[in-house]
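**Q** What follows is a single structure, and I will ask about it in a moment.
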Amino acid sequence: MKVIHSVAELSRELASSCHSAGKSVGLVPTMGALHEGHASLVRRAVAENDAVVVSVFVNPTQFNDPTDLEKYPRTLADDCRLLESLGVTYVFAPSVEEIYPEPDTRVFRFPPLDEVMEGPRRPGHFNGVAQIVSKLFAYVKPTRAYFGEKDFQQLAIVRRLVEQLGLDLQIVGCPIQRESDGLALSSRNKLLTSEQRSQAVAISRTLFESKKYMESGHSLAETKDFVEKAIASAPGLELEYFEIVDGDTLQSLEEWADSDYAVGCITVHCGSVRLIDNLKYKVRG
Ligand code: PAF
């Protein structure tokens with residue numbers, strides 16, 4: 001496994017070892033602090049491609065809160081050990097100056113996907129994600145790129161980005177990985193105290209219970225109410241939003257019959273840690 005810090009070296013290396021030989025390249029973009037959720041994306045990328053690039057870059061342009069950017073965990077040495085054990089070909093770990101030698105002034109819009117949920121609550125976030133992801137696609141020219149379904153809105157926006165840019169690459173969405181008690185794996189879980197960690201499990205537990213509630217015949221409005229009340233009464237948690245949306249358009253649904261792909265997306269604060277999760281209520285069969 002080679003650890004590469006410069007864009008020029010990455011492009012040179014991929015051109016000579018992969019693209020010129022017609023080899024497939026899988027890209028797994030990450031911000032590091034890797035956990036089993038990332039490992040599942042990497043395993044899939046390794047299984048499906050001749051070579052795999054994992055980028056490890058805490059992208060400043062997608063953070064709208066400087067404190068959040070500052071306290072984001074950075075664990076490159078541990079990340080590299082894990083990636084080597086998974087059979088990754090290249091780790092791309094650039095500096096901020098390498099990626100943004102000058103400010104990126106490009107503006108991406110993805111209406112209506114970026115106008116709901118995380119969009120208005122984290123102004124500029126998806127623009128920053130599009131800036132870095134479009135740069136990574138240009139540097140790596142991957143055959144496939146892997147993203148987790150935990151960031152459900154991000155995945156929909158990245159698919160739209162690929163359409164907008166007319167890129168010839170496959171976006172592979174991978175299922176949420178969970179702790180044994182159900183908490184969705186996230187780099188931010190490392191920031192929870194042990195008390196907060198035990199409180200946070202109420203998020204996934206509530207989502208799973210709400211699916212049973214829905215399956216026992218309750219309406220969408222009742223199911224939404226069920227989740228909102230359960231989180232409001234859970235110690236240590238504060239609900240930011242819970243929306244049940246169409247999985248393609250991300251627009252809120254009023255009735256279960258309005259879509260055959262219904263996903264509940266939730267954001268909850270546990271102390272100062274912002275946690276997101278989602279659950280599919282209806283999937284196309
Ligand atoms: O999901 C993430 O970790 C980041 O948003 C991504 C896709 C690596 C872009 O910085």
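Letters A, B, ... mark the chains of the structure tokens in the order given; residue numbers begin at 1 per chain; ligand numbers begin at 1, in order shown.
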Could you pull the residues within 9 Å of A:Ile276, counting only C-alpha atoms, minus those fewer than 6 positions along the same chain, as a list of chain:residue names?

**A** A:Lys150, A:Asp151, A:Ala184, A:Ser186, A:Ile203, A:Cys265, A:Ile266, A:Thr267, A:Val268, A:His269

**Q** Per DSSP on the backbone, filter stretch 13-232 of chain A down to the residues in strand (DSSP E or B) and report them as JSON, numbers by chain.

**A** {"A": [25, 26, 27, 28, 29, 30, 51, 52, 53, 54, 55, 56, 90, 91, 92, 144, 145, 146, 147, 148, 170, 171, 172, 173, 174, 178, 184]}

**Q** Please identify every polymer residue within 7 Å of ligand 1, using only C-alpha atoms and all ligand atoms, and present the set as a PyMOL selection string.

**A** chain A and resi 29-31+57-59+129+132-133+147+151

**Q** Could you dump the residues just selected with N, CA and C atoms as a PDB file, in the first residue's frame?

**A**
ATOM      1  N   PRO A  29     -14.047   7.733  -0.686  1.00  0.00           N
ATOM      2  CA  PRO A  29     -13.702   9.017  -0.062  1.00  0.00           C
ATOM      3  C   PRO A  29     -14.040   8.986   1.432  1.00  0.00           C
ATOM      4  N   THR A  30     -13.105   9.421   2.280  1.00  0.00           N
ATOM      5  CA  THR A  30     -13.375   9.452   3.725  1.00  0.00           C
ATOM      6  C   THR A  30     -12.747  10.710   4.328  1.00  0.00           C
ATOM      7  N   MET A  31     -13.141  10.979   5.557  1.00  0.00           N
ATOM      8  CA  MET A  31     -12.468  12.040   6.315  1.00  0.00           C
ATOM      9  C   MET A  31     -11.662  11.414   7.446  1.00  0.00           C
ATOM     10  N   PHE A  57      -9.187  12.827   4.122  1.00  0.00           N
ATOM     11  CA  PHE A  57      -9.028  14.290   4.059  1.00  0.00           C
ATOM     12  C   PHE A  57     -10.198  14.942   4.783  1.00  0.00           C
ATOM     13  N   VAL A  58      -9.894  15.655   5.864  1.00  0.00           N
ATOM     14  CA  VAL A  58     -10.946  16.384   6.591  1.00  0.00           C
ATOM     15  C   VAL A  58     -11.169  17.684   5.807  1.00  0.00           C
ATOM     16  N   ASN A  59     -12.248  17.698   5.045  1.00  0.00           N
ATOM     17  CA  ASN A  59     -12.472  18.762   4.060  1.00  0.00           C
ATOM     18  C   ASN A  59     -13.047  20.022   4.714  1.00  0.00           C
ATOM     19  N   VAL A 129     -19.128  19.493   0.076  1.00  0.00           N
ATOM     20  CA  VAL A 129     -19.007  18.066  -0.268  1.00  0.00           C
ATOM     21  C   VAL A 129     -18.822  17.935  -1.789  1.00  0.00           C
ATOM     22  N   ILE A 132     -15.199  18.912  -2.894  1.00  0.00           N
ATOM     23  CA  ILE A 132     -14.134  17.924  -2.672  1.00  0.00           C
ATOM     24  C   ILE A 132     -14.377  16.657  -3.497  1.00  0.00           C
ATOM     25  N   VAL A 133     -15.635  16.203  -3.542  1.00  0.00           N
ATOM     26  CA  VAL A 133     -15.905  14.946  -4.248  1.00  0.00           C
ATOM     27  C   VAL A 133     -15.623  15.124  -5.751  1.00  0.00           C
ATOM     28  N   PHE A 147     -20.054   5.091  -1.195  1.00  0.00           N
ATOM     29  CA  PHE A 147     -20.549   6.010  -0.161  1.00  0.00           C
ATOM     30  C   PHE A 147     -21.524   5.259   0.738  1.00  0.00           C
ATOM     31  N   ASP A 151     -25.210   8.602   5.475  1.00  0.00           N
ATOM     32  CA  ASP A 151     -25.384   9.973   4.996  1.00  0.00           C
ATOM     33  C   ASP A 151     -26.297   9.912   3.779  1.00  0.00           C
TER      34      ASP A 151
END

**Q** Write down as an NGL selection string the residues of stretch 176-250 of chain A whose backbone DSSP state falls under helix (DSSP H, G or I).

**A** :A and (187-191 or 194-215 or 220-232)

**Q** Mind writing the picked residues with N, CA and C atoms as a CSV table (one decimal), in the first residue's frame?

**A**
chain,number,residue,atom,x,y,z
A,187,SER,N,-17.8,8.3,12.9
A,187,SER,CA,-16.6,8.8,13.5
A,187,SER,C,-16.9,9.7,14.7
A,188,ARG,N,-18.1,10.4,14.7
A,188,ARG,CA,-18.4,11.2,15.8
A,188,ARG,C,-18.7,10.5,17.1
A,189,ASN,N,-19.0,9.1,17.0
A,189,ASN,CA,-19.3,8.4,18.2
A,189,ASN,C,-18.1,8.4,19.1
A,190,LYS,N,-16.9,8.6,18.6
A,190,LYS,CA,-15.7,8.7,19.4
A,190,LYS,C,-15.7,9.9,20.3
A,191,LEU,N,-16.6,10.9,20.0
A,191,LEU,CA,-16.6,12.1,20.8
A,191,LEU,C,-17.6,12.0,22.0
A,194,SER,N,-19.0,8.1,28.0
A,194,SER,CA,-19.7,6.7,28.1
A,194,SER,C,-21.2,6.9,28.5
A,195,GLU,N,-21.5,7.9,29.2
A,195,GLU,CA,-22.9,8.1,29.5
A,195,GLU,C,-23.7,8.5,28.3
A,196,GLN,N,-23.1,9.4,27.5
A,196,GLN,CA,-23.8,9.8,26.2
A,196,GLN,C,-23.9,8.6,25.3
A,197,ARG,N,-22.9,7.7,25.3
A,197,ARG,CA,-22.9,6.6,24.4
A,197,ARG,C,-24.1,5.7,24.7
A,198,SER,N,-24.4,5.5,26.0
A,198,SER,CA,-25.5,4.6,26.4
A,198,SER,C,-26.8,5.3,26.1
A,199,GLN,N,-26.8,6.7,26.1
A,199,GLN,CA,-28.1,7.4,25.8
A,199,GLN,C,-28.4,7.4,24.3
A,200,ALA,N,-27.3,7.4,23.5
A,200,ALA,CA,-27.4,7.6,22.1
A,200,ALA,C,-28.1,6.4,21.4
A,201,VAL,N,-28.1,5.2,22.1
A,201,VAL,CA,-28.7,4.0,21.5
A,201,VAL,C,-30.2,4.2,21.3
A,202,ALA,N,-30.8,5.1,22.1
A,202,ALA,CA,-32.3,5.4,21.9
A,202,ALA,C,-32.6,5.8,20.5
A,203,ILE,N,-31.6,6.4,19.8
A,203,ILE,CA,-32.0,6.8,18.4
A,203,ILE,C,-32.3,5.7,17.5
A,204,SER,N,-31.4,4.7,17.4
A,204,SER,CA,-31.7,3.6,16.5
A,204,SER,C,-32.8,2.7,17.1
A,205,ARG,N,-32.9,2.6,18.4
A,205,ARG,CA,-33.9,1.8,19.0
A,205,ARG,C,-35.3,2.4,18.7
A,206,THR,N,-35.4,3.7,18.7
A,206,THR,CA,-36.7,4.3,18.4
A,206,THR,C,-37.0,4.1,16.9
A,207,LEU,N,-36.0,4.2,16.0
A,207,LEU,CA,-36.3,4.0,14.6
A,207,LEU,C,-36.8,2.6,14.4
A,208,PHE,N,-36.1,1.6,15.0
A,208,PHE,CA,-36.6,0.2,14.8
A,208,PHE,C,-38.0,0.0,15.3
A,209,GLU,N,-38.2,0.6,16.5
A,209,GLU,CA,-39.6,0.4,17.1
A,209,GLU,C,-40.6,1.1,16.2
A,210,SER,N,-40.2,2.2,15.6
A,210,SER,CA,-41.2,2.9,14.8
A,210,SER,C,-41.6,2.1,13.5
A,211,LYS,N,-40.6,1.3,13.1
A,211,LYS,CA,-41.0,0.5,11.9
A,211,LYS,C,-42.0,-0.6,12.3
A,212,LYS,N,-41.9,-1.2,13.5
A,212,LYS,CA,-42.9,-2.1,13.9
A,212,LYS,C,-44.2,-1.4,14.1
A,213,TYR,N,-44.2,-0.2,14.6
A,213,TYR,CA,-45.4,0.6,14.8
A,213,TYR,C,-46.1,0.9,13.5
A,214,MET,N,-45.3,1.2,12.5
A,214,MET,CA,-45.8,1.5,11.1
A,214,MET,C,-46.4,0.2,10.6
A,215,GLU,N,-45.7,-1.0,10.8
A,215,GLU,CA,-46.1,-2.2,10.2
A,215,GLU,C,-47.4,-2.7,10.9
A,220,LEU,N,-48.6,7.5,8.6
A,220,LEU,CA,-47.2,8.2,8.6
A,220,LEU,C,-47.2,9.3,9.7
A,221,ALA,N,-48.3,10.0,9.8
A,221,ALA,CA,-48.3,11.1,10.8
A,221,ALA,C,-48.1,10.5,12.2
A,222,GLU,N,-48.8,9.4,12.5
A,222,GLU,CA,-48.7,8.8,13.8
A,222,GLU,C,-47.3,8.2,14.0
A,223,THR,N,-46.7,7.7,13.0
A,223,THR,CA,-45.3,7.1,13.1
A,223,THR,C,-44.3,8.2,13.4
A,224,LYS,N,-44.5,9.4,12.7
A,224,LYS,CA,-43.6,10.5,12.9
A,224,LYS,C,-43.8,11.0,14.4
A,225,ASP,N,-45.0,11.1,14.8
A,225,ASP,CA,-45.3,11.5,16.2
A,225,ASP,C,-44.7,10.6,17.2
A,226,PHE,N,-44.7,9.3,16.9
A,226,PHE,CA,-44.2,8.3,17.8
A,226,PHE,C,-42.7,8.5,18.0
A,227,VAL,N,-42.0,8.8,16.9
A,227,VAL,CA,-40.5,9.0,17.0
A,227,VAL,C,-40.2,10.3,17.7
A,228,GLU,N,-40.9,11.4,17.4
A,228,GLU,CA,-40.7,12.7,18.0
A,228,GLU,C,-40.9,12.6,19.5
A,229,LYS,N,-41.9,11.9,19.9
A,229,LYS,CA,-42.2,11.8,21.4
A,229,LYS,C,-41.2,11.0,22.1
A,230,ALA,N,-40.8,9.8,21.4
A,230,ALA,CA,-39.8,8.9,22.1
A,230,ALA,C,-38.5,9.6,22.3
A,231,ILE,N,-38.1,10.4,21.2
A,231,ILE,CA,-36.7,11.1,21.4
A,231,ILE,C,-36.9,12.2,22.4
A,232,ALA,N,-38.0,12.9,22.4
A,232,ALA,CA,-38.2,14.0,23.4
A,232,ALA,C,-38.1,13.5,24.8

**Q** Using only C-alpha atoms, can you tell me which of A:His38, A:Lys141, A:Arg12, A:Lys282 comes closest to A:Leu86?

**A**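 Closest to A:Leu86 of all the choices is A:His38.
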
**Q** May I have the residues within 10 Å of A:Glu84 as number ranges by chain, using only C-alpha atoms and disregarding those fewer than 5 positions away in the same chain?

**A** A: 1-3, 79, 89-91

**Q** Check the smallest atom-to-atom distance from each of A:Gln131, A:Glu115, A:Leu185, A:Asn49 to A:Ser252 using only C-alpha atoms, then report the winner.

**A**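 Of A:Gln131, A:Glu115, A:Leu185, A:Asn49, the one nearest A:Ser252 is A:Glu115, counting only C-alpha atoms.
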
**Q** Smallest atom-to-atom distance to A:Leu155: which of A:Val88, A:Leu250, A:Val7, A:Cys80, using only C-alpha atoms?

**A**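 The closest residue to A:Leu155 is A:Leu250.
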
**Q** Using Å and a single decimal, report how far atom CA of A:Leu237 sits from atom CA of A:Trp256.

**A**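 About the pair atom CA of A:Trp256 and atom CA of A:Leu237: they are 27.2 Å apart.
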
**Q** Could you work out how far atom CA of A:Val273 lies from atom CA of A:Arg74, giving the answer in Å with one decimal?

**A**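 Atom CA of A:Val273 lies 16.2 Å from atom CA of A:Arg74.
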
**Q** Any idea what's packed within 9 Å of stretch 52-54 of chain A, counting only C-alpha atoms, ignoring anything in its chain fewer than 6 positions away? Could you give it as a list of chain:residue names?

**A**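 Answer for this query is A:Ser24, A:Val25, A:Gly26, A:Leu27, A:Val28, A:Pro29, A:Thr30, A:Val42, A:Ala45, A:Val46, A:Leu83, A:Gly87, A:Val88, A:Thr89, A:Tyr90, A:Val91, A:Phe92, A:Ala93, A:Val140, A:Pro142.
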
**Q** For the residues in that selection, give me C-alpha atoms as a JSON list (two decimals), in the first residue's frame.

**A**
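Result saved to part37.json:
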[["chain", "number", "residue", "atom", "x", "y", "z"],
["A", 24, "SER", "CA", -10.74, -0.77, -12.73],
["A", 25, "VAL", "CA", -10.25, 1.68, -9.86],
["A", 26, "GLY", "CA", -12.49, 1.92, -6.80],
["A", 27, "LEU", "CA", -12.54, 5.14, -4.77],
["A", 28, "VAL", "CA", -13.64, 5.35, -1.14],
["A", 29, "PRO", "CA", -13.70, 9.02, -0.06],
["A", 30, "THR", "CA", -13.38, 9.45, 3.73],
["A", 42, "VAL", "CA", -13.40, -0.62, 1.54],
["A", 45, "ALA", "CA", -14.32, -1.75, -3.17],
["A", 46, "VAL", "CA", -11.44, -4.22, -2.86],
["A", 83, "LEU", "CA", -6.43, 0.15, 5.29],
["A", 87, "GLY", "CA", -5.78, -4.71, 0.96],
["A", 88, "VAL", "CA", -6.04, -1.07, -0.18],
["A", 89, "THR", "CA", -3.68, -0.07, -3.00],
["A", 90, "TYR", "CA", -3.34, 3.67, -2.35],
["A", 91, "VAL", "CA", -4.15, 6.01, 0.53],
["A", 92, "PHE", "CA", -4.47, 9.60, -0.62],
["A", 93, "ALA", "CA", -3.88, 11.89, 2.37],
["A", 140, "VAL", "CA", -8.72, 9.48, -9.42],
["A", 142, "PRO", "CA", -12.59, 5.98, -10.60]]

**Q** A:Phe108, A:Tyr139, A:Tyr72, A:Phe242: which is nearest A:Leu34, counting only C-alpha atoms?

**A** A:Tyr72

**Q** Tell me, counting only C-alpha atoms, for each residue of stretch 191-267 of chain A within 9 Å of stretch 156-161 of chain A, which pair of atoms is nearest and how far apart they are in Å to one decimal, in rows ordered by chain and increasing number, as JSON lines.

**A**
{"residue": "A:Gly247", "atom": "CA", "partner": "A:Ala156", "partner_atom": "CA", "distance": 8.3}
{"residue": "A:Asp248", "atom": "CA", "partner": "A:Ala156", "partner_atom": "CA", "distance": 7.1}
{"residue": "A:Thr249", "atom": "CA", "partner": "A:Ala156", "partner_atom": "CA", "distance": 8.3}
{"residue": "A:Leu250", "atom": "CA", "partner": "A:Ala156", "partner_atom": "CA", "distance": 8.3}

**Q** Could those residues be written to a file, using N, CA and C atoms, as an mmCIF file, in the first residue's frame?

**A**
data_model
loop_
_atom_site.group_PDB
_atom_site.id
_atom_site.type_symbol
_atom_site.label_atom_id
_atom_site.label_comp_id
_atom_site.auth_asym_id
_atom_site.auth_seq_id
_atom_site.Cartn_x
_atom_site.Cartn_y
_atom_site.Cartn_z
ATOM 1 N N GLY A 247 -37.300 8.365 -0.907
ATOM 2 C CA GLY A 247 -35.871 8.071 -0.961
ATOM 3 C C GLY A 247 -35.161 8.620 -2.189
ATOM 4 N N ASP A 248 -35.906 8.968 -3.241
ATOM 5 C CA ASP A 248 -35.268 9.536 -4.436
ATOM 6 C C ASP A 248 -35.283 11.057 -4.425
ATOM 7 N N THR A 249 -36.454 11.639 -4.112
ATOM 8 C CA THR A 249 -36.566 13.112 -4.210
ATOM 9 C C THR A 249 -36.240 13.799 -2.887
ATOM 10 N N LEU A 250 -36.213 13.041 -1.795
ATOM 11 C CA LEU A 250 -35.981 13.547 -0.429
ATOM 12 C C LEU A 250 -37.071 14.507 0.044
#
